[in-house]
>>> print(open('query37.cif').read())   # mmCIF, C-alpha atoms
data_run
loop_
_atom_site.label_atom_id
_atom_site.label_comp_id
_atom_site.auth_asym_id
_atom_site.auth_seq_id
_atom_site.Cartn_x
_atom_site.Cartn_y
_atom_site.Cartn_z
CA MET A 281 114.57 42.58 -82.69
CA GLU A 282 114.97 42.82 -78.93
CA ALA A 283 117.27 45.27 -77.23
CA LYS A 284 120.38 43.79 -75.65
CA PRO A 285 120.93 45.80 -72.50
CA GLU A 286 123.90 43.67 -71.37
CA GLY A 287 125.84 44.43 -74.56
CA GLY A 288 124.85 48.09 -74.33
CA ALA A 289 126.05 48.33 -70.75
CA ARG A 290 129.40 46.72 -71.52
CA ARG A 291 130.02 49.23 -74.31
CA GLY A 292 128.95 52.34 -72.35
CA ARG A 293 125.69 54.27 -72.35
CA PRO A 294 122.97 52.86 -74.55
CA GLY A 295 122.64 54.80 -77.80
CA HIS A 296 126.32 55.57 -77.98
CA ASP A 297 127.09 53.05 -80.66
CA GLN A 298 130.07 53.46 -82.97
CA ALA A 299 127.99 55.24 -85.60
CA THR A 300 126.75 57.86 -83.12
CA VAL A 301 130.24 58.50 -81.78
CA LEU A 302 131.55 58.93 -85.33
CA ARG A 303 128.69 61.26 -86.30
CA VAL A 304 129.23 63.49 -83.26
CA ALA A 305 133.00 63.47 -83.79
CA ILE A 306 132.69 64.58 -87.44
CA GLU A 307 130.31 67.34 -86.40
CA LEU A 308 132.80 68.57 -83.76
CA PHE A 309 135.77 68.36 -86.16
CA ASN A 310 133.86 70.47 -88.70
CA ARG A 311 132.70 72.99 -86.11
CA GLN A 312 135.96 73.66 -84.26
CA GLY A 313 138.62 72.04 -86.46
CA TYR A 314 140.18 68.59 -86.18
CA ASP A 315 143.41 69.78 -84.54
CA ALA A 316 141.55 71.93 -82.01
CA THR A 317 139.23 69.07 -80.96
CA SER A 318 140.31 66.81 -78.10
CA MET A 319 138.95 63.42 -77.05
CA GLY A 320 137.83 65.27 -73.91
CA ASP A 321 135.69 67.61 -76.05
CA LEU A 322 134.14 64.59 -77.74
CA ALA A 323 133.44 62.85 -74.41
CA ARG A 324 131.78 66.02 -73.09
CA GLU A 325 129.62 66.33 -76.23
CA LEU A 326 128.49 62.71 -75.78
CA GLY A 327 127.95 63.05 -72.02
CA LEU A 328 130.67 60.49 -71.28
CA THR A 329 133.75 60.66 -69.10
CA LYS A 330 137.08 61.01 -70.89
CA SER A 331 138.04 57.45 -69.94
CA ALA A 332 134.68 56.01 -71.05
CA ILE A 333 135.18 57.44 -74.55
CA TYR A 334 138.10 55.05 -75.05
CA HIS A 335 135.70 52.12 -74.68
CA HIS A 336 134.17 53.34 -77.92
CA VAL A 337 137.15 54.41 -79.99
CA PRO A 338 140.90 53.81 -79.75
CA SER A 339 141.92 57.34 -80.79
CA LYS A 340 140.96 60.62 -82.42
CA GLY A 341 142.97 59.64 -85.50
CA HIS A 342 140.89 56.48 -85.84
CA LEU A 343 137.71 58.60 -86.03
CA LEU A 344 139.27 60.87 -88.64
CA GLU A 345 140.30 57.86 -90.74
CA ARG A 346 136.82 56.37 -90.61
CA ALA A 347 135.23 59.70 -91.55
CA LEU A 348 137.58 60.20 -94.50
CA ASP A 349 137.05 56.56 -95.54
CA GLU A 350 133.31 57.16 -95.61
CA ALA A 351 133.60 60.20 -97.87
CA LEU A 352 136.27 58.74 -100.16
CA GLY A 353 134.60 55.34 -100.36
CA GLU A 354 131.26 56.85 -101.38
CA LEU A 355 132.77 59.21 -103.96
CA SER A 356 134.89 56.43 -105.41
CA SER A 357 132.00 53.93 -105.58
CA ALA A 358 129.83 56.52 -107.32
CA LEU A 359 132.50 56.99 -109.99
CA ASP A 360 132.94 53.22 -110.36
CA ALA A 361 129.22 52.90 -111.01
CA VAL A 362 129.33 55.68 -113.62
CA ARG A 363 132.29 54.15 -115.44
CA ALA A 364 130.76 50.68 -115.35
CA ASP A 365 127.89 51.90 -117.54
CA THR A 366 129.61 51.24 -120.86
CA SER A 367 126.40 51.69 -122.86
CA SER A 368 126.41 55.45 -122.21
CA THR A 369 128.35 58.11 -124.12
CA PRO A 370 131.31 59.99 -122.58
CA GLU A 371 129.05 63.06 -122.22
CA GLN A 372 126.37 61.02 -120.43
CA ARG A 373 129.01 59.56 -118.13
CA LEU A 374 130.33 63.04 -117.31
CA ARG A 375 126.79 64.24 -116.58
CA ALA A 376 126.29 61.22 -114.33
CA ALA A 377 129.61 61.92 -112.57
CA VAL A 378 128.64 65.54 -111.83
CA ARG A 379 125.19 64.46 -110.74
CA SER A 380 126.32 61.66 -108.44
CA SER A 381 129.08 63.82 -106.93
CA VAL A 382 126.36 66.23 -105.80
CA VAL A 383 124.26 63.36 -104.43
CA VAL A 384 127.16 61.84 -102.48
CA LEU A 385 128.15 65.26 -101.14
CA ALA A 386 124.59 66.00 -99.99
CA GLU A 387 123.98 62.56 -98.48
CA HIS A 388 127.35 62.44 -96.70
CA LEU A 389 127.66 66.18 -96.12
CA PRO A 390 129.56 66.16 -92.78
CA ALA A 391 132.11 63.53 -93.92
CA VAL A 392 132.69 65.20 -97.32
CA THR A 393 133.00 68.63 -95.64
CA LEU A 394 135.69 67.19 -93.36
CA LEU A 395 137.47 65.61 -96.33
CA LEU A 396 137.58 68.90 -98.23
CA ARG A 397 139.17 70.68 -95.26
CA VAL A 398 141.99 68.17 -94.82
CA ARG A 399 145.38 69.82 -95.36
CA GLY A 400 147.73 66.84 -94.89
CA ASN A 401 148.92 67.40 -91.30
CA THR A 402 148.99 63.68 -90.41
CA PRO A 403 149.81 60.47 -92.35
CA ALA A 404 146.08 59.64 -92.45
CA GLU A 405 145.38 63.05 -93.97
CA VAL A 406 148.18 62.64 -96.52
CA ALA A 407 146.72 59.25 -97.50
CA ALA A 408 143.27 60.83 -97.86
CA LEU A 409 144.69 63.62 -100.04
CA ASP A 410 146.30 60.94 -102.26
CA ARG A 411 142.98 59.16 -102.66
CA ARG A 412 141.25 62.48 -103.33
CA ARG A 413 143.83 63.30 -106.01
CA ASP A 414 143.13 59.93 -107.62
CA ILE A 415 139.41 60.73 -107.76
CA ASP A 416 140.21 64.16 -109.26
CA HIS A 417 142.30 62.46 -111.95
CA ARG A 418 139.44 60.12 -112.81
CA LEU A 419 137.06 63.08 -113.10
CA ALA A 420 139.53 64.97 -115.30
CA GLU A 421 139.82 61.85 -117.48
CA MET A 422 136.02 61.82 -117.94
CA VAL A 423 136.11 65.48 -119.03
CA ARG A 424 138.92 64.64 -121.47
CA GLU A 425 136.90 61.76 -122.95
CA ALA A 426 133.80 63.91 -123.32
CA ALA A 427 135.84 66.66 -125.03
CA ALA A 428 137.53 64.09 -127.33
CA SER A 429 134.11 62.74 -128.32
CA GLY A 430 133.14 66.23 -129.51
CA ALA A 431 130.22 66.49 -127.09
CA ILE A 432 131.60 69.29 -124.93
CA ARG A 433 133.74 72.35 -125.62
CA ASP A 434 137.41 71.74 -126.35
CA ASP A 435 138.62 75.34 -126.11
CA ILE A 436 139.36 75.01 -122.37
CA ASP A 437 141.94 72.62 -120.90
CA PRO A 438 139.99 69.57 -119.61
CA LEU A 439 141.94 69.67 -116.32
CA VAL A 440 140.86 73.28 -115.74
CA ILE A 441 137.24 72.39 -116.64
CA SER A 442 137.34 69.50 -114.20
CA ARG A 443 138.73 71.66 -111.39
CA LEU A 444 136.18 74.42 -111.97
CA ILE A 445 133.12 72.17 -112.29
CA PHE A 446 134.00 69.99 -109.31
CA GLY A 447 135.13 73.09 -107.44
CA MET A 448 131.57 74.35 -107.94
CA VAL A 449 130.20 71.01 -106.70
CA ASN A 450 132.49 71.04 -103.66
CA SER A 451 131.54 74.63 -102.81
CA LEU A 452 128.13 73.24 -101.81
CA THR A 453 129.72 72.25 -98.48
CA GLU A 454 129.96 75.98 -97.67
CA TRP A 455 126.21 76.53 -97.50
CA LEU A 456 124.21 73.34 -98.02
CA ARG A 457 121.99 72.20 -95.17
CA ASP A 458 120.82 68.60 -95.07
CA ASP A 459 117.11 69.37 -95.40
CA GLY A 460 116.76 70.01 -99.12
CA ASP A 461 115.68 68.03 -102.19
CA VAL A 462 118.92 66.29 -103.21
CA ASP A 463 117.71 65.22 -106.66
CA ALA A 464 116.53 68.72 -107.54
CA LEU A 465 119.86 70.16 -106.39
CA ALA A 466 121.80 67.61 -108.45
CA ASP A 467 119.71 68.56 -111.51
CA THR A 468 120.36 72.27 -110.89
CA VAL A 469 124.13 71.89 -110.58
CA THR A 470 124.31 69.63 -113.64
CA ALA A 471 122.19 72.03 -115.71
CA LEU A 472 124.36 75.01 -114.71
CA ALA A 473 127.58 73.11 -115.41
CA PHE A 474 126.49 71.95 -118.87
CA ASP A 475 124.29 74.80 -120.09
CA GLY A 476 125.63 77.76 -118.13
CA LEU A 477 123.80 80.91 -117.18
CA VAL A 478 122.60 81.87 -120.63
CA ARG A 479 118.96 81.36 -121.43
CA ALA A 480 118.20 78.02 -123.10
CA HIS A 481 118.02 78.35 -126.91
CA MET B 18 165.42 107.61 -103.88
CA GLU B 19 168.16 106.95 -101.33
CA ALA B 20 167.98 104.21 -98.75
CA LYS B 21 167.44 105.32 -95.15
CA PRO B 22 169.52 102.98 -93.03
CA GLU B 23 168.76 104.85 -89.79
CA GLY B 24 165.02 104.40 -90.25
CA GLY B 25 165.52 100.78 -91.26
CA ALA B 26 167.68 100.08 -88.22
CA ARG B 27 165.19 101.61 -85.81
CA ARG B 28 162.39 99.43 -87.19
CA GLY B 29 164.40 96.19 -87.15
CA ARG B 30 166.24 94.43 -89.94
CA PRO B 31 166.19 96.19 -93.27
CA GLY B 32 163.64 94.63 -95.63
CA HIS B 33 161.25 93.76 -92.84
CA ASP B 34 158.79 96.50 -93.57
CA GLN B 35 155.11 96.21 -92.62
CA ALA B 36 154.17 94.81 -96.03
CA THR B 37 156.74 92.01 -95.79
CA VAL B 38 155.67 91.06 -92.28
CA LEU B 39 152.04 90.95 -93.41
CA ARG B 40 152.88 88.88 -96.50
CA VAL B 41 154.84 86.32 -94.48
CA ALA B 42 152.13 86.20 -91.79
CA ILE B 43 149.38 85.49 -94.34
CA GLU B 44 151.49 82.76 -95.90
CA LEU B 45 152.01 81.13 -92.47
CA PHE B 46 148.31 81.45 -91.53
CA ASN B 47 147.34 79.72 -94.78
CA ARG B 48 149.96 76.99 -94.41
CA GLN B 49 149.42 75.99 -90.79
CA GLY B 50 146.15 77.66 -89.82
CA TYR B 51 145.62 80.99 -88.05
CA ASP B 52 144.89 79.47 -84.64
CA ALA B 53 147.93 77.17 -84.80
CA THR B 54 150.31 80.02 -85.73
CA SER B 55 152.05 81.93 -82.92
CA MET B 56 153.88 85.25 -83.04
CA GLY B 57 156.97 83.14 -82.22
CA ASP B 58 156.44 81.14 -85.44
CA LEU B 59 156.19 84.39 -87.39
CA ALA B 60 159.34 85.82 -85.77
CA ARG B 61 161.24 82.62 -86.64
CA GLU B 62 160.05 82.74 -90.24
CA LEU B 63 161.27 86.35 -90.51
CA GLY B 64 164.56 85.67 -88.72
CA LEU B 65 163.62 87.98 -85.86
CA THR B 66 163.48 87.43 -82.12
CA LYS B 67 160.05 87.11 -80.59
CA SER B 68 160.41 90.51 -78.90
CA ALA B 69 161.64 92.20 -82.08
CA ILE B 70 158.48 91.12 -83.92
CA TYR B 71 156.44 93.40 -81.66
CA HIS B 72 158.35 96.39 -83.05
CA HIS B 73 156.63 95.60 -86.33
CA VAL B 74 153.11 94.59 -85.30
CA PRO B 75 151.08 94.96 -82.11
CA SER B 76 149.44 91.51 -82.30
CA LYS B 77 148.55 88.48 -84.35
CA GLY B 78 144.94 89.67 -84.50
CA HIS B 79 146.10 92.96 -86.03
CA LEU B 80 147.76 91.03 -88.88
CA LEU B 81 144.61 88.98 -89.44
CA GLU B 82 142.48 92.13 -89.58
CA ARG B 83 144.79 93.77 -92.11
CA ALA B 84 144.81 90.63 -94.27
CA LEU B 85 141.02 90.34 -94.22
CA ASP B 86 140.71 94.09 -94.89
CA GLU B 87 142.91 93.69 -97.96
CA ALA B 88 140.76 90.89 -99.41
CA LEU B 89 137.41 92.45 -98.52
CA GLY B 90 138.45 95.94 -99.61
CA GLU B 91 139.58 94.73 -103.03
CA LEU B 92 136.49 92.56 -103.61
CA SER B 93 134.19 95.38 -102.52
CA SER B 94 135.95 98.01 -104.67
CA ALA B 95 135.76 95.74 -107.70
CA LEU B 96 131.98 95.41 -107.23
CA ASP B 97 131.63 99.19 -106.71
CA ALA B 98 133.39 99.75 -110.03
CA VAL B 99 131.10 97.27 -111.80
CA ARG B 100 127.95 98.84 -110.37
CA ALA B 101 129.12 102.35 -111.20
CA ASP B 102 129.07 101.52 -114.92
CA THR B 103 125.43 102.43 -115.48
CA SER B 104 125.76 102.36 -119.28
CA SER B 105 126.07 98.55 -119.25
CA THR B 106 123.24 96.00 -119.13
CA PRO B 107 122.56 93.81 -116.07
CA GLU B 108 124.08 90.85 -117.96
CA GLN B 109 127.22 92.81 -118.80
CA ARG B 110 127.52 93.89 -115.17
CA LEU B 111 127.18 90.29 -113.99
CA ARG B 112 129.86 89.19 -116.48
CA ALA B 113 132.10 91.99 -115.21
CA ALA B 114 131.43 90.95 -111.60
CA VAL B 115 132.42 87.32 -112.28
CA ARG B 116 135.44 88.45 -114.26
CA SER B 117 136.72 90.93 -111.70
CA SER B 118 136.14 88.51 -108.82
CA VAL B 119 138.55 86.12 -110.54
CA VAL B 120 141.06 88.93 -111.10
CA VAL B 121 140.93 90.09 -107.46
CA LEU B 122 141.21 86.50 -106.23
CA ALA B 123 144.24 85.82 -108.43
CA GLU B 124 145.98 89.11 -107.67
CA HIS B 125 145.36 88.87 -103.90
CA LEU B 126 145.44 85.09 -103.70
CA PRO B 127 146.93 84.67 -100.18
CA ALA B 128 144.61 87.25 -98.57
CA VAL B 129 141.49 85.92 -100.33
CA THR B 130 142.45 82.32 -99.44
CA LEU B 131 142.70 83.37 -95.80
CA LEU B 132 139.34 85.18 -95.99
CA LEU B 133 137.60 82.10 -97.39
CA ARG B 134 138.90 79.93 -94.53
CA VAL B 135 137.67 82.23 -91.77
CA ARG B 136 135.11 80.48 -89.56
CA GLY B 137 134.23 83.26 -87.12
CA ASN B 138 136.31 82.27 -84.09
CA THR B 139 137.16 85.88 -83.10
CA PRO B 140 135.30 89.23 -83.28
CA ALA B 141 137.53 90.26 -86.22
CA GLU B 142 136.55 87.06 -88.03
CA VAL B 143 132.86 87.60 -87.30
CA ALA B 144 133.14 91.15 -88.69
CA ALA B 145 134.87 89.78 -91.80
CA LEU B 146 132.13 87.18 -92.27
CA ASP B 147 129.54 89.99 -92.06
CA ARG B 148 131.32 91.97 -94.75
CA ARG B 149 131.68 88.82 -96.87
CA ARG B 150 127.94 88.16 -96.53
CA ASP B 151 127.25 91.71 -97.68
CA ILE B 152 129.37 91.12 -100.80
CA ASP B 153 127.51 87.83 -101.42
CA HIS B 154 124.20 89.69 -101.21
CA ARG B 155 125.37 92.26 -103.75
CA LEU B 156 126.45 89.46 -106.12
CA ALA B 157 123.10 87.69 -105.69
CA GLU B 158 121.36 90.98 -106.45
CA MET B 159 123.29 91.27 -109.72
CA VAL B 160 122.19 87.74 -110.69
CA ARG B 161 118.59 88.70 -109.84
CA GLU B 162 118.77 91.82 -112.03
CA ALA B 163 120.26 89.88 -114.95
CA ALA B 164 117.53 87.22 -114.64
CA ALA B 165 114.82 89.91 -114.40
CA SER B 166 116.16 91.54 -117.58
CA GLY B 167 115.65 88.24 -119.43
CA ALA B 168 119.33 87.88 -120.30
CA ILE B 169 120.05 84.80 -118.20
CA ARG B 170 118.05 81.72 -117.24
CA ASP B 171 115.28 82.22 -114.71
CA ASP B 172 114.56 78.53 -113.98
CA ILE B 173 117.06 78.45 -111.11
CA ASP B 174 116.81 80.54 -107.92
CA PRO B 175 119.16 83.55 -108.38
CA LEU B 176 120.57 83.00 -104.88
CA VAL B 177 121.50 79.41 -105.76
CA ILE B 178 123.03 80.57 -109.06
CA SER B 179 125.04 83.19 -107.23
CA ARG B 180 126.31 80.67 -104.66
CA LEU B 181 127.27 78.11 -107.31
CA ILE B 182 129.00 80.55 -109.69
CA PHE B 183 130.94 82.37 -106.98
CA GLY B 184 131.58 79.01 -105.29
CA MET B 185 133.27 78.01 -108.54
CA VAL B 186 135.26 81.26 -108.55
CA ASN B 187 136.29 80.80 -104.90
CA SER B 188 137.34 77.19 -105.51
CA LEU B 189 140.27 78.65 -107.47
CA THR B 190 142.01 79.20 -104.12
CA GLU B 191 142.31 75.40 -103.84
CA TRP B 192 144.69 75.03 -106.76
CA LEU B 193 145.67 78.35 -108.32
CA ARG B 194 149.35 79.31 -108.27
CA ASP B 195 150.30 82.94 -108.76
CA ASP B 196 152.26 82.42 -111.96
CA GLY B 197 149.50 82.17 -114.56
CA ASP B 198 147.81 84.51 -117.03
CA VAL B 199 145.12 86.18 -114.91
CA ASP B 200 143.18 87.66 -117.84
CA ALA B 201 143.01 84.32 -119.65
CA LEU B 202 141.83 82.61 -116.47
CA ALA B 203 139.14 85.27 -115.91
CA ASP B 204 137.94 84.74 -119.49
CA THR B 205 137.84 80.97 -118.99
CA VAL B 206 135.83 81.11 -115.79
CA THR B 207 133.40 83.67 -117.24
CA ALA B 208 132.93 81.59 -120.41
CA LEU B 209 132.27 78.43 -118.40
CA ALA B 210 129.84 80.22 -116.07
CA PHE B 211 127.82 81.78 -118.89
CA ASP B 212 128.04 79.20 -121.65
CA GLY B 213 128.62 75.98 -119.73
CA LEU B 214 130.34 72.85 -120.95
CA VAL B 215 128.28 72.31 -124.07
CA ARG B 216 129.89 73.11 -127.37
CA ALA B 217 129.19 76.65 -128.62
CA HIS B 218 126.34 76.72 -131.15
#
>>> encode(input="query37.cif", output="structure tokens")
Amino acid sequence: MEAKPEGGARRGRPGHDQATVLRVAIELFNRQGYDATSMGDLARELGLTKSAIYHHVPSKGHLLERALDEALGELSSALDAVRADTSSTPEQRLRAAVRSSVVVLAEHLPAVTLLLRVRGNTPAEVAALDRRRDIDHRLAEMVREAAASGAIRDDIDPLVISRLIFGMVNSLTEWLRDDGDVDALADTVTALAFDGLVRAH
Amino acid sequence: MEAKPEGGARRGRPGHDQATVLRVAIELFNRQGYDATSMGDLARELGLTKSAIYHHVPSKGHLLERALDEALGELSSALDAVRADTSSTPEQRLRAAVRSSVVVLAEHLPAVTLLLRVRGNTPAEVAALDRRRDIDHRLAEMVREAAASGAIRDDIDPLVISRLIFGMVNSLTEWLRDDGDVDALADTVTALAFDGLVRAH
């Protein structure tokens, strides 16, 4: 496909497409905090003037919404896919949910990191927290089903199990870098969640 | 012991001792972020004038340092106590480390929550991150010793195990309220870390 310099020129510097602007914005939000980041900071990071940045995006809030949509959409789709597999057992579905949560987190690390830091300071953040709570409920429901099927322990409240296991998954955002083997990591987290630290019998 | 109204009056309103000011400050920092909280906000929350607040504390940074010292001091002392018990096995020491990390987190929930949100924006925060890293290294070392003793699995990098298990412990700050049974919670987290989700054999 040929480049279209006229379109590029109309929309600002070439290379500064919507995806690039969003990627750089998420990186800045994670580094210095959403509230502390101005559109001027973003323009500077992209090498644009403050007025040119508004050719790319209507507002800072719009970027936050798109970032949170990315993370929530991916997490939600992954769970939909797991639930759609009706041929698997509740335990297999829970394993798949843990596994695919790790994969989504690793493959969308900046957006998921931003999502997990949201505290509900704006209506968009409150809406994101609602959607996150809905995902948490669906995960807790999967734990409940696996416990009811007799496949996993039932001596711990399924809600507490869900919070602890997905708390462990989410803690990956604290140290993960995006240069590792995602599948191997997903296997590791799933093995630790299901089998624990004790030596395999 | 009798009340000392003269001392209380000289230091501001009665009841606003150093501990109260620190407790309210930590709560505010956690609720609205350290950077976004001013000494004026803190004075308002305490029902003091902005100038009166400086009778209690020299600066906002001083409050942050004391809060981080509380969390780091408690975590570090708990690990010292675990290591000092030389009659126990490496596995027992690791269990005790997981268990007492949960207890410290639950009993110093606001200060530990603040510590875990620190990103290194000030010299005091950088120093706290250094001390936190030192604690993480000591925890990883305990995992390494337990794996070397043959008591826990050795198919996962001890550093990764340490990050995941203590990531799970730290994720408690996301949802824990300070009205639960701390010992029962510590047992639950330790059981899940060591035995995993699978039904006990």
>>> resolve_selection(input="query37.cif", expression="the PyMOL selection byres ((chain B) within 6 of (chain A))", output="VMD selection string")
chain B and resid 169 to 170 181 184 to 185 188 210 to 216
>>> axis_aligned_box(input="query37.cif", around="range 116-125 of chain B", padding_each_side="3 Å", output="JSON")
{"center_x": 140.7, "center_y": 88.4, "center_z": -109.1, "size_x": 16.5, "size_y": 11.1, "size_z": 16.4}
>>> resolve_selection(input="query37.cif", expression="the PyMOL selection byres ((chain A and resi 332-343) around 9)", output="ChimeraX atom specification")
/A:290-292,296-298,301-302,305-306,314,317-320,322-323,326,328-331,344-348,402,404
>>> closest_residue(input="query37.cif", among="A:Thr300, A:Gln372, A:Ser442, A:Ser367", to="Arg418 in chain A", atoms="all atoms listed in the file")
A:Ser442
>>> atom_distance(input="query37.cif", atom1="CA of Leu132 in chain B", atom2="CA of Asp200 in chain B")
22.3 Å
>>> atom_distance(input="query37.cif", atom1="CA of Ala128 in chain B", atom2="CA of Ala407 in chain A")
28.1 Å
